[in-house]
Structures are given as C-alpha cells and as structure tokens.
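K.L.:
Before we start, here is the structure in question, set down as structure tokens.
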Number of protein chains: 4
Amino acid sequence: MRFFSDNAASVCPEVMDAIAAANRVDTAYDGDALSKSLDGAFSDLFGTDVAALWVASGTAANALALAALCPPHGAVVCHRDAHIQNDECGAPEFYTHGAKLFLGEGQGAKLTAAGVADLLAGIRDDVHQTQPAAISITNATEYGLAYTPDEVAAIAEVARARKLGLHMDGARFANAVAHVGCSPADVTWRAGVDALSFGFIKNGGMFAEMLVFFRPDLAAATKYRRKRAGHLLSKGRFAAAQVLAMLEGDLWLRNGRAANDGAARIALAAGTRLIHPVQANEVFLAVAPAEAASLRAQGFDFYDWGPGEARLVVSWNQPAEEIAALATAIAAL
Amino acid sequence: MRFFSDNAASVCPEVMDAIAAANRVDTAYDGDALSKSLDGAFSDLFGTDVAALWVASGTAANALALAALCPPHGAVVCHRDAHIQNDECGAPEFYTHGAKLFLGEGQGAKLTAAGVADLLAGIRDDVHQTQPAAISITNATEYGLAYTPDEVAAIAEVARARKLGLHMDGARFANAVAHVGCSPADVTWRAGVDALSFGFIKNGGMFAEMLVFFRPDLAAATKYRRKRAGHLLSKGRFAAAQVLAMLEGDLWLRNGRAANDGAARIALAAGTRLIHPVQANEVFLAVAPAEAASLRAQGFDFYDWGPGEARLVVSWNQPAEEIAALATAIAAL
Amino acid sequence: MRFFSDNAASVCPEVMDAIAAANRVDTAYDGDALSKSLDGAFSDLFGTDVAALWVASGTAANALALAALCPPHGAVVCHRDAHIQNDECGAPEFYTHGAKLFLGEGQGAKLTAAGVADLLAGIRDDVHQTQPAAISITNATEYGLAYTPDEVAAIAEVARARKLGLHMDGARFANAVAHVGCSPADVTWRAGVDALSFGFIKNGGMFAEMLVFFRPDLAAATKYRRKRAGHLLSKGRFAAAQVLAMLEGDLWLRNGRAANDGAARIALAAGTRLIHPVQANEVFLAVAPAEAASLRAQGFDFYDWGPGEARLVVSWNQPAEEIAALATAIAAL
Amino acid sequence: MRFFSDNAASVCPEVMDAIAAANRVDTAYDGDALSKSLDGAFSDLFGTDVAALWVASGTAANALALAALCPPHGAVVCHRDAHIQNDECGAPEFYTHGAKLFLGEGQGAKLTAAGVADLLAGIRDDVHQTQPAAISITNATEYGLAYTPDEVAAIAEVARARKLGLHMDGARFANAVAHVGCSPADVTWRAGVDALSFGFIKNGGMFAEMLVFFRPDLAAATKYRRKRAGHLLSKGRFAAAQVLAMLEGDLWLRNGRAANDGAARIALAAGTRLIHPVQANEVFLAVAPAEAASLRAQGFDFYDWGPGEARLVVSWNQPAEEIAALATAIAAL
C-alpha cells in the first residue's frame with residue numbers, strides 16, 4: 001500500500017481516454033487545436049485573460065515561471081523548505097541563468113508577509129548585493145498547508161511594494177483550492193499572483209503540467225525559453241488533451257478533494273502525532289523508528305522525513321480500504 | 001493528406017498499448033522497473049554497455065548530449081543546416097551554458113571528414129578562440145541523407161585526433177539504419193560515436209526520446225542536468241514503456257522502413273525533380289510555385305523549403321493510397 | 001620594431017601622470033569623484049545624455065553591451081570576421097547566457113545595411129529559430145575600415161525596422177573618428193547606435209575601456225552585471241583617471257590621428273600590396289613568405305594574417321624612424 | 001580620517017614604481033616577461049608548483065576559482081556571511097553557470113570542520129538535490145578572524161572525504177598570514193587548499209589580484225574562462241608588475257603586518273566593545289548610535305555594520321596619528 005508519493009499513482013481514466021482520443025494526425029508542437037484552446041480554457045477557469053503553456057514537468061513550469069520574473073542577476077525569495085530550493089537540483093538557477101534563492105522561514109514551509117518583509121529589509125540596495133526580483137510560494141506547501149487568499153494577498157502587497165513578481169508553485173494546487181474552498185481565481189491573480197505552476201501530474205495526469213501567466217505578456221519570451229529547454233513537445237496534443245480532460249467538469253478539483261479526504265481520515269486517526277495540520281493530501285507524523293518499522297511491516301510504504309518523522313501522501317484514487325487500514329494501523333501504534 | 005511532418009503522425013498502437021499497460025501504481029521518476037530496464041535493453045540492442053536516459057524531446061536529448069561533451073567555453077562543430085543550429089532556439093547554447101556552434105558545409109547537410117578537418121585547421125589554438133570540444137552529425141541528415149558506418153568512422157577519426165567527442169542526432173535514426181542496412185552498433189559506437197539522440201517520437205512514439213551514451217560514465221553528470229532541466233519526468237514509467245514497446249521485435253526499424261518505402265515510391269515518381277537522393281523518409285522536390293499550389297489544391301499538405309523547393313515527409317503509417325496519390329500527382333506535374 | 005599590436009605599445013605620459021595624481025585615499029569602487037564625473041564628461045563629449053562605465057577590457061565592454069541588448073534566447077548579428085566572434089573566447093555567449101551570433105558578410109569585415117537585411121530576411125519568425133535582438137559592428141573594423149555616419153545610419157534603420165539594438169565595438173574608435181573626420185556623436189547616437197565600446201587601451205591607456213550607453217536606462221541592469229563579472233574595480237579612481245586624461249584636450253583623438261598617420265605613410269609605400277584600404281592604424285599587406293621573412297630579418301615584428309598576408313599595426317607613439325624604415329623596407333621588397 | 005575600507009587606501013610607492021617601470025613596449029595580454037614569471041614567483045613563495053593568474057578584481061578571482069572547482073549543477077559550501085554570498089552580486093552563480101551556495105554557520109564568519117560536516121550530512125545524495133562540489137572559506141574572515149593551519153586542515157579533511165575542492169578567499173590573506181605567523185604554504189596547500197584568491201589591492205596594489213592554483217591542472221580551463229570573462233587584460237604587464245613588486249622582499253607581508261598593528265592598537269583601546277577578536281586589520285565595535293555620531297563628528301569615517309555595530313578598517317599605510325587619535329577617541333567614548 002503505497003503512500004510515499006502521488007507521483008506513483010496511476011493516471012485517471014478520463015486522461016487515458018483523452019490521450020487515446022488525441023491519437024490522430026494533427027499539427028506538430030503546439031499548433032494543434034487542443035493546444036491552441038488552452039489559453040481560452042484557462043482564461044475561462046480563472047475568469048481573466050491568461051496565457052497557459054504545457055510543459056513536461058513541474059520543475060520546468062516552476063523554473064520557466066521564475067525565469068520570466070527574475071533576471072540572471074536577481075534573486076527569488078522562497079521558503080527554506082521550498083521544492084525549488086531543495087528538490088529541483090538547481091533548476092531555478094539553470095533557467096534563470098544564475099539567480100539566487102533567498103531563503104525565508106515560516107511554520108510548515110509557509111511564508112508570511114511579515115517574514116518576507118523582514119527578509120527583504122535586510123538586503124542592501126546596492127550593486128554588491130543580489131537584488132530580489134520575485135517571491136515564490138508553494139500552495140499547498142511542502143508540508144501540506146494551504147494559503148488563504150488573504151495570506152497570498154498580504155505577501156503580494158509586500159511584493160508590489162518592492163516591484164517583485166509573485167509566483168505560486170501549485171504542484172498540489174488542486175488540493176489547496178479544494179481545502180480552502182475558494183475559487184482558483186481568488187487565491188491567484190485576484191490575490192496578486194503573476195504566474196502559477198498548475199500541477200496535474202500528481203493529481204491524475206500523465207506528463208503535462210501547466211504554466212499559467214496572469215500577466216499574459218510574460219508568455220512571449222517564455223515560449224522561446226520553453227523551446228530552448230526542450231519542453232515544446234513534438235506531439236503536444238497529447239499534453240493538451242490530458243489537461244483539458246482534467247478541466248472538464250472540474251475533474252482536477254474532484255481528484256484533489258478525494259485525496260484530501262483520505263488524508264483527513266488518516267489525520268483523524270493520527271491525532272497528536274500530527275506535525276502539521278492536514279490541509280491537503282499529505283500527512284506528517286511523529287513516529288519512532290520502531291513504529292515506522294511496524295507500519296512498514298504491515299505493508300505501508302512511505303518516506304522518512306527527517307528523524308522521527310514520516311510523510312504519507314494520499315493519491316487521488318487511493319483505495320478506501322488502504323486508507324482505512326492505514327488509519328487503523330496508526331491509531332493502533 | 002499530410003506530408004509536412006512525421007511529428008504530425010499518430011502514435012503507433014503498440015505504444016498506446018504499452019502506455020495503457022503501464023498505468024499502475026509504481027515508483028516515481030525513473031525508479032520504476034521499466035525505466036530501470038532501459039540500460040539493459042539498449043545495451044542489448046547495441047551489443048555494448050550503454051547508459052540510456054529518456055527525455056521528453058529530441059531537443060533535450062541533443063542539448064544534454066552536447067552539454068556532456070562540451071564545456072561552456074568550448075564549441076561544437078556541426079553542419080550549417082543542422083537542426084541544433086537552426087531549429088532548437090539555442091538549446092545547445094542553453095544547456096552547454098554558452099558554447100559556440102562552428103558551422104561546416106557539405107552536400108545535403110552531411111558533414112565530411114575532410115570538411116571537418118579543414119574547419120578545425122582554421123581554429124587557432126589559443127585562449128582568444130573558442131576551442132572545439134565536440135562534433136555533432138545528424139543521421140539521417142536534415143535533407144534525408146544517411147551516413148554509412150565508414151563515413152561516420154572517418155569523422156570520428158578527425159574527432160579523436162583532436163580529442164573531440166562525437167554526437168549523433170538520430171531524430172530519424174531508424175530511417176537511417178533502415179536505409180543503410182547496417183546494425184545500429186555499426187553506425188554508432190563501432191564507428192566512434194560517443195552519444196546518440198535516438199528518436200522515437202517521429203517514428204510512432206508519443207513523448208519519449210532516448211539519450212544513449214556509449215561512454216556510460218557520461219551519464220552520471222547528465223542525470224543531474226536532466227533533473228535540473230525538468231526532464232526527469234514524474235511518471236517516467238510511461239516514457240520507458242513506449243520506448244520498450246518500440247524495441248520489441250524491432251518495431252522501431254519496421255516503422256522506419258515503412259516510412260522509407262513510402263518516400264522511395266514518391267522519389268521514383270519525382271525523378272529529376274529530386275534535390276537530394278532519398279535515403280530516409282523525406283523527399284525534397286524542385287517545384288515551381290504554381291506546381292506547389294496545384295499539389296495543395298489536390299489536398300497534399302507539405303512545407304515550402306526555400307524558394308522553388310518543397311519538403312514532403314512520409315510517416316510510419318502513411319496510408320498507401322495517399323502515397324500513391326502523391327506519386328501520381330507529382331508525376332503529372 | 002614592433003608592429004604586431006597596439007596593445008604592445010606603452011601607456012602615454014598623460015595617463016601615467018593622471019594615475020599618479022589619483023593615488024590618494026578616496027572612496028572605493030566607483031564612488032570616487034573621478035568615476036562619478038564620467039557620465040558628465042562623456043555626455044559633454046557626445047553632446048547628449050549618456051551613461052558611461054569603465055571596465056577592465058574591451059572584451060568586457062563588448063560583452064556587457066551585448067548582454068544589455070540581447071536576451072539569452074536572442075541573437076546578435078555581426079560580421080563573420082568580428083572580434084566578438086573570433087577573438088573573445090565566447091565572451092558574448094558567456095555574458096548573454098547563451099545568445100547566438102549570426103554571421104554576416106562584407107568587404108573588409110564591414111557589414112552593410114543590405115547585407116544585414118538579407119541575413120535577417122532569412123530568419124523565420126517562430127520559436128524554433130533564435131530571434132535576432134541586436135546588431136554589432138566594429139569601427140574601425142577588424143581590417144581597419146572606418147564606417148561613415150551614413151553607413152551606420154543605414155544599418156541602424158535596418159535594426160530599428162526589426163526592433164534590434166545597435167552596438168558599436170570601438171576598440172579603435174579613435175582611429176575611425178580621426179579618419180572620417182566627423183564628430184563622435186555623428187557616427188554613434190546620431191546615426192542610431194545604442195551602445196559603444198569606446199577603446200582607450202590600444203590608444204595609450206592602461207587598463208580602462210569605456211562602455212557608453214546612449215540609452216542611459218540600459219546602464220542600470222548593466223551595473224549589476226558589471227559587478228557580478230568582477231569588473232567593478234575596487235580602486236576605480238585609477239580607471240577613471242586615465243580615461244579623463246585622454247578626454248582632456250582630445251588626447252584620444254590626437255593619439256588616434258598619430259597612429260593613423262603612420263599607417264598612411266606605410267600604405268603609401270605598400271601600393272598595390274594593400275589588401276584593404278588603410279583608414280585606421282592597421283595595414284594589411286600581400287607578402288610572400290620570403291618577403292615576410294626578409295622584413296623580419298630587418299627587425300620588423302608583425303603577425304601573419306592568413307597565407308600570404310601580413311598585418312602591421314602602428315601605435316600612437318610609434319617612432320617616426322621606425323615607420324620610415326618600415327616604409328622603405330616594404331617599398332624595397 | 002578614513003577607516004571605512006582598505007580599498008580606499010592609496011597604492012604603495014613600490015607598486016607605483018613598478019607600474020612606471022613596466023611602461024615600455026612589450027607583448028600584449030599575458031605574453032610579456034613579467035606575466036610569464038608569475039608561475040615561478042608564486043611557486044617559490046609557496047614552495048610548490050602552482051599556476052598563478054592575475055585578474056582585475058577579487059570577485060573575479062573568487063568566481064573563477066569556484067568555477068574551476070564546481071560544475072553548474074553543483075554547490076559550494078560557504079559561511080552565511082561570506083563575501084561570495086553577500087557582496088559579489090552573484091558572481092559565483094554567474095561564473096559557475098548557476099551553482100548554488102549552501103550557507104553554513106560559525107562565530108565570526110568562520111566555518112568549522114564540524115559545522116561543515118553537519119551541513120553536508122543533511123544533503124541527500126540523489127539527483128533531486130544539488131550536490132556540493134567545493135567548500136570556500138575566507139581568510140581572514142569577513143569579521144577579521146584568521147584560520148590556523150590546523151583549522152584549515154580539518155575542513156580540508158571533511159572536503160576530501162566527500163571529494164570536494166577547497167577554495168580560500170584571501171582578499172586579506174596577508175593580514176591572516178601576518179597574524180598567524182605561519183608560512184603561506186602552511187595555511188594553504190599543506191593544509192589542503194586547492195585554489196587561493198590572493199589579494200593585493202586592499203594591501204597596497206592597484207588593479208591586480210592573483211588566482212593561485214595549487215593543483216596547476218586547474219589553470220588550463222580557467223585561462224579560457226578568464227579570457228571569456230574579459231579578465232585577460234590587454235596590457236597584463238602592468239598587473240604582473242605590481243604583484244611582483246609586492247612579492248619583492250615580502251612587501252605584501254609587511255603591509256599586512258602594518259595594518260594589523262594599527263588594528264591591534266585600536267582593539268586595545270576598544271576593550272570590551274570588541275565584537276570579534278581582532279586578528280587582522282578590521283575592528284568591529286559595539287557602539288551606540290550617539291557614540292558613532294560622536295566619532296564621526298571627530299572626523300572618523302567608517303561603516304555601520306548592523307544596528308549598534310561599527311566596522312573600522314585600518315589600511316597598510318594608515319598614519320600612526322590617525323590610529324592614535326581613533327584609539328583615544330574610542331577610549332573616551
């Protein structure tokens with residue numbers, strides 16, 4: 001019973017069907033009808049004009065977004081525990097051509113407006129110091145916390161005061177939106193987000209993530225950068241198809257909700273073992289090594305996340321019986 | 001009737017089946033059993049130890065290969081008409097961090113050993129000039145010509161004499177091997193190739209190309225570069241599955257041969273209109289604007305390729321009747 | 001008798017005196033009074049508002065100028081024989097983070113408006129091709145030819161039509177201006193130049209070249225790039241001092257004229273051996289190997305410049321007797 | 001009375017004389033006799049074979065050293081307060097093409113072997129995390145502390161255990177060596193340092209810093225990188241001359257000692273106000289705003305260094321009366 005990564009989950013049937021349906025002769029790259037419909041589809045979803053580009057991974061979406069917002073001699077403020085800092089092997093530095101990441105603090109990998117303002121205040125405004133050009137937040141965070149629209153807006157205000165761009169790494173955007181219950185617009189452009197990495201792969205997709213620009217002018221240069229990074233897929237219609245299938249009837253949101261529900265059920269069983277509130281599909285548990293071993297002996301796979309901590313991730317289609325079994329096992333520890 | 005790109009073709013059924021079959025819970029990234037079997041599968045195919053990495057596009061495969069062979073302050077020798085120079089928006093420069101491309105000449109986008117040697121002889125060996133570190137050839141070339149093992153070996157000898165790496169862009173490797181009738185080993189590592197971009201997408205694949213290192217030690221740093229470029233796909237098993245399906249029973253070779261056969265039939269009809277010999281699945285025709293218009297009026301789609309030239313590409317599953325119709329239409333011009 | 005490089009020449013006494021006079025305690029980097037006066041001094045010289053930054057080499061000036069005009073995914077059009085292509089070990093690629101150089105043709109390393117327009121016309125406007133962002137011309141050219149203001153203006157018109165920036169590599173700007181007899185403004189910003197590398201080192205300076213932006217807004221980001229490249233010198237007052245000394249009483253122009261005069265005298269003796277008209281301080285001669293050997297045996301140092309060609313460079317303070325001796329020796333060949 | 005930067009100090013007479021003496025016709029770049037003698041001169045100083053390259057700034061020396069030790073996809077461990085992190089506008093990221101800096105802790109900007117080992121232990125060995133390739137220490141540190149040979153050797157042992165290179169930023173190397181009283185060899189290569197940025201400018205030089213490789217093979221690629229960064233100065237003989245003048249009779253060490261002595265005298269007066277032990281030419285004082293204002297009113301210039309802190313730097317030729325006056329003024333606070 002695998003709880004170690006939602007990337008390990010299978011692809012949802014609607015996506016498989018859409019891929020099969022896209023298997024016809026069509027124009028290459030992003031010239032096909034499906035790819036060309038993405039700007040419109042995402043503009044509809046967000047209720048504003050956006051530019052929406054598929055890429056083959058969340059790392060590429062994040063790094064392209066940052067390259068659009070930050071020059072090579074600039075810096076991006078992010079949380080010390082951010083995926084872009086710790087888990088992308090320097091993709092932001094590669095795509096931005098050497099920008100720095102300035103690392104902030106905050107409970108549960110969540111930046112706060114006050115924390116960001118403090119960090120920014122410590123940066124001298126002279127040519128000897130790298131100047132910040134953007135802020136990047138992860139929603140849901142690396143510890144499964146969701147930002148409210150107000151929290152995002154407060155950070156955006158700090159960003160605007162210093163003319164910084166604001167990026168949201170939404171690898172688990174569906175989970176975050178499902179938890180907060182707001183519209184996707186509320187927690188993004190209405191709160192001041194300029195670019196969103198909108199994750200689909202962890203949520204039932206196969207190989208397409210979306211980079212959504214709420215300032216559509218940022219897309220022009222990004223299209224060159226995407227090509228030059230090898231992310232202008234030759235048969236892009238298959239990427240577009242899976243994303244469109246997930247937008248259809250808000251499948252993305254239902255999948256996110258399903259995973260959240262599973263996590264919530266486990267959280268209930270975990271009680272005081274919870275290291276962070278469970279607001280998405282990730283559960284962080286305090287478990288002694290022997291307890292972790294016991295869970296594994298019962299067939300549960302998961303990651304150790306630092307000493308005495310375990311991370312358990314619920315997938316969009318995690319079987320109810322696996323969730324129930326895990327909840328029971330945790331309660332019985 | 002679309003003859004403008006083999007990227008427009010559909011995905012072959014075996015690949016679709018393999019993707020469907022891979023749709024189960026498995027380890028993320030390249031930790032799944034399918035991805036882990038690739039080194040072995042390609043070592044078998046080539047009869048030598050190789051390291052084989054999937055990426056999401058031929059551009060990424062090429063650029064990663066060049067980055068493995070050429071430092072930022074080095075240069076890559078390629079043909080003036082090479083895809084890496086003209087059609088990848090500077091991907092080699094991006095991935096190598098600013099290496100130069102030195103442009104050689106040769107009929108049909110084919111480099112020759114003598115031509116490369118001449119070009120190299122003109123480069124002063126001092127710190128003021130960028131020093132070549134690699135040679136890149138395209139097989140089949142951008143004009144559909146296939147290299148013989150001897151031709152490759154002659155270029156490799158020039159490379160070795162100056163300690164340069166040798167890369168082969170094999171976006172249409174299947175077509176080239178099918179034409180020459182050699183083993184894939186003969187025209188690659190046995191002839192001195194260090195790294196091969198082995199194309200599957202134009203040949204019936206969906207979103208996976210392979211980067212094959214015949215010097216497996218080159219793969220170690222490349223794995224970091226791949227991650228950092230966003231080409232370590234989260235659900236890599238779907239990439240591995242499609243490639244393995246194409247290796248099965250040499251499907252890749254059969255598909256390549258089928259496309260070549262169609263092109264050969266058209267070439268026969270084209271006679272003296274042929275600008276280049278037809279050795280792969282591309283036909284370059286001398287056609288007056290009115291003739292091109294006439295073909296289009298009959299329902300044939302293709303690219304103009306400079307004034308008075310047309311490029312027609314035959315796909316792995318191009319219907320025989322479309323090929324016959326095109327041949328008839330060309331003969332009737 | 002050294003005619004192989006004006007970089008081999010000594011530093012002129014006014015510069016030495018200015019350096020000595022600057023040897024006092026003062027603010028570090030570019031905060032001293034001398035450095036702060038440069039914008040004004042160059043604005044006066046050019047009769048318009050400019051931003052003027054010292055750097056330690058012409059290569060740095062060129063590369064920073066190009067980085068200001070061309071994004072990493074863009075391209076710079078220059079002559080096939082341009083210094084930035086052949087003699088800077090890829091500095092433009094380094095500073096621009098991987099932009100391409102597109103190589104044009106033209107007699108004597110001189111681009112023409114028509115030639116540039118042709119080259120640009122051949123570049124498809126799609127994301128697969130690197131898009132040009134700037135044009136760079138060298139004045140005087142690598143073969144010692146000077147552009148007239150009209151020639152520059154014609155190229156600038158081509159640039160503007162495609163929204164490209166225009167850079168002038170003026171490593172021998174003094175020689176070019178001295179030859180044409182125009183004002184420095186006429187051949188630069190009035191003709192449409194955006195950024196000028198204004199050379200002082202070959203002309204009697206020691207270690208300071210100037211990067212002059214005629215669009216002063218380009219300087220802001222460049223100051224960060226300069227720092228990050230290690231060209232914000234710790235004791236910048238010594239760089240500023242030497243440049244200001246050369247502006248004083250148009251010393252730069254007198255030095256350039258002196259070198260030109262020497263070259264003109266040699267050109268007169270060379271007659272039909274001249275490969276290019278002599279418009280600056282460089283003389284390119286057709287000489288057989290035995291003739292070159294004979295000149296060397298008489299004590300003249302110079303570079304071979306391709307088979308049967310010699311390059312002889314006259315310095316700002318080349319002794320008249322050396323020039324006379326060389327003229328006599330060439331006439332006697 | 002300026003105590004805010006040793007970069008503000010004047011150039012020492014021996015250097016001025018050497019520059020004047022170098023003002024003759026000679027070969028360009030680093031082909032002159034003086035530049036060619038540097039490998040030998042520094043090999044003599046260090047008692048081992050080294051490669052020694054001049055560059056125009058300490059930032060360039062540091063960044064080139066790191067580029068020689070760390071690939072674009074790697075990381076450099078340094079102190080949180082390191083100059084390379086805070087005061088070079090991202091030069092390491094620029095020259096390494098996007099490597100990361102991992103920030104360690106330690107009193108007085110000094111890394112410890114144990115601290116580095118801890119930091120390294122926290123980095124997962126997988127392709128998702130940037131892998132460390134080098135450690136960089138500053139000697140004397142940014143807070144004026146000097147490393148003993150044993151301290152360096154302990155860090156080098158940690159480096160070797162993980163196959164990391166070791167760089168020393170010696171912008172104030174003279175001050176550090178003068179304080180510890182060891183040979184320059186003891187605290188560098190004998191202790192395991194691979195590359196040293198050997199500072200001369202703060203110590204009486206004008207525009208030349210040295211990059212010394214104790215693994216001379218690292219110099220080959222660095223020479224291309226130096227050219228491409230615009231740090232291969234056209235008239236390099238003037239850079240070499242000043243460095244050789246400072247080696248002559250150990251002038252570098254005498255200058256360093258003189259500055260240290262002045263700082264020691266101030267430290268004596270400062271007593272418990274000292275924030276860090278004074279081991280070089282920098283004094284960090286706890287001073288209330290009113291006290292700082294009082295010092296300034298008496299004519300002393302210095303930097304505020306965080307709230308309630310002042311940094312006072314003594315130059316190689318700071319007049320004894322200025323030092324005495326400052327000591328008196330501090331004692332009287």
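Ordering of the structure tokens sets the chain letters (A, B, ...); residue numbers start at 1 within each chain; ligands are numbered from 1 in the order shown.
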Just the strand (DSSP E or B) stuff from region 85-258 of chain D, please, per backbone DSSP, written as a ChimeraX atom specification.

P.N.:
/D:100-104,131-138,165-170,195-198,209-213,235

K.L.:
Could you pull out the residues in region 121-194 of chain B that DSSP calls alpha helix (DSSP H) from the backbone, as a PyMOL selection string?

P.N.:
chain B and resi 121+149-161+173-180

K.L.:
Any idea which chain C residues end up within 9 Å of chain D if we count only C-alpha atoms, as a PyMOL selection string please?

P.N.:
chain C and resi 2+4-12+16+19-20+22-29+55-61+63+88-95+97+201-202+206-207+224-225+227-236+238

K.L.:
Identify, on the basis of only C-alpha atoms, every residue whose closest approach to region 188-190 of chain A does not exceed 7 Å; exclude the query and any residue fewer than 4 positions from it along the same chain; express the result as a PyMOL selection string.

P.N.:
chain A and resi 184+194+214

K.L.:
Rank A:Leu69, A:Ala331, A:Val152, A:Val116 by their smallest atom-to-atom distance to Ala134 (chain A), using only C-alpha atoms, and report the top residue only.

P.N.:
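Looking at the shortest contact to Ala134 (chain A), the residue is A:Leu69.
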
K.L.:
So how far away is CA of Ser183 (chain B) from CA of Leu45 (chain B), in Å?

P.N.:
9.1 Å

K.L.:
What is the distance between CA of Arg80 (chain D) and CA of Pro132 (chain D), in Å to one decimal?

P.N.:
15.5 Å

K.L.:
Would you kindly return, as number ranges by chain, each protein, DNA or RNA residue with an atom no farther than 7 Å from any atom of Leu218 (chain D), considering only C-alpha atoms and excluding same-chain residues fewer than 4 positions away?

P.N.:
D: 68, 213, 222

K.L.:
Within 8 Å of region 249-258 of chain B, counting only C-alpha atoms, which residues qualify if same-chain residues fewer than 3 places away don't, as a list in words?

P.N.:
Arg172, Ala174, Asn175, Val177, Ala178, His179, Phe200, Asn203, Gly204, Ala245, Met246, Asp261, Gly262, Asn281, Trp316 and Asn317 of chain B

K.L.:
Neighbouring residues of Thr112 (chain C) were defined as those with any atom within 12 Å, considering only C-alpha atoms; residues of the same chain fewer than 4 positions away were excluded. Please report them as a PyMOL selection string.

P.N.:
chain C and resi 77-79+104-108+116-119+135-138+147-148+150-159

K.L.:
For the residues in the current selection, export C-alpha atoms as a short mmCIF file (atom, residue, chain, number, x, y, z; two decimals), in the first residue's frame.

P.N.:
```cif
data_model
loop_
_atom_site.label_atom_id
_atom_site.label_comp_id
_atom_site.auth_asym_id
_atom_site.auth_seq_id
_atom_site.Cartn_x
_atom_site.Cartn_y
_atom_site.Cartn_z
CA VAL C 77 24.18 39.86 -35.95
CA CYS C 78 27.84 40.60 -36.56
CA HIS C 79 30.42 40.17 -39.28
CA GLY C 104 27.20 38.35 -41.94
CA GLU C 105 29.50 39.11 -44.84
CA GLY C 106 31.05 42.27 -46.24
CA GLN C 107 34.35 43.57 -47.61
CA GLY C 108 36.99 44.29 -45.01
CA VAL C 116 22.24 42.67 -42.77
CA ALA C 117 18.75 43.00 -44.19
CA ASP C 118 19.31 39.90 -46.31
CA LEU C 119 20.57 37.92 -43.37
CA ILE C 135 23.47 44.13 -34.43
CA SER C 136 27.11 44.68 -33.59
CA ILE C 137 29.53 46.50 -35.87
CA THR C 138 33.22 47.17 -35.32
CA TYR C 147 32.25 53.48 -41.11
CA THR C 148 30.81 56.77 -42.25
CA ASP C 150 25.63 57.34 -43.31
CA GLU C 151 26.73 53.74 -43.37
CA VAL C 152 25.97 53.39 -39.69
CA ALA C 153 22.63 55.12 -40.08
CA ALA C 154 21.64 52.74 -42.85
CA ILE C 155 22.37 49.76 -40.65
CA ALA C 156 20.54 51.40 -37.76
CA GLU C 157 17.49 51.77 -39.96
CA VAL C 158 17.52 48.04 -40.62
CA ALA C 159 17.90 47.49 -36.90
#
```

K.L.:
Would you work out the distance separating CA of Leu244 (chain B) from CA of Ser37 (chain B), expressed in Å to one decimal?

P.N.:
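Taking CA of Leu244 (chain B) and CA of Ser37 (chain B), their separation equals 8.8 Å.
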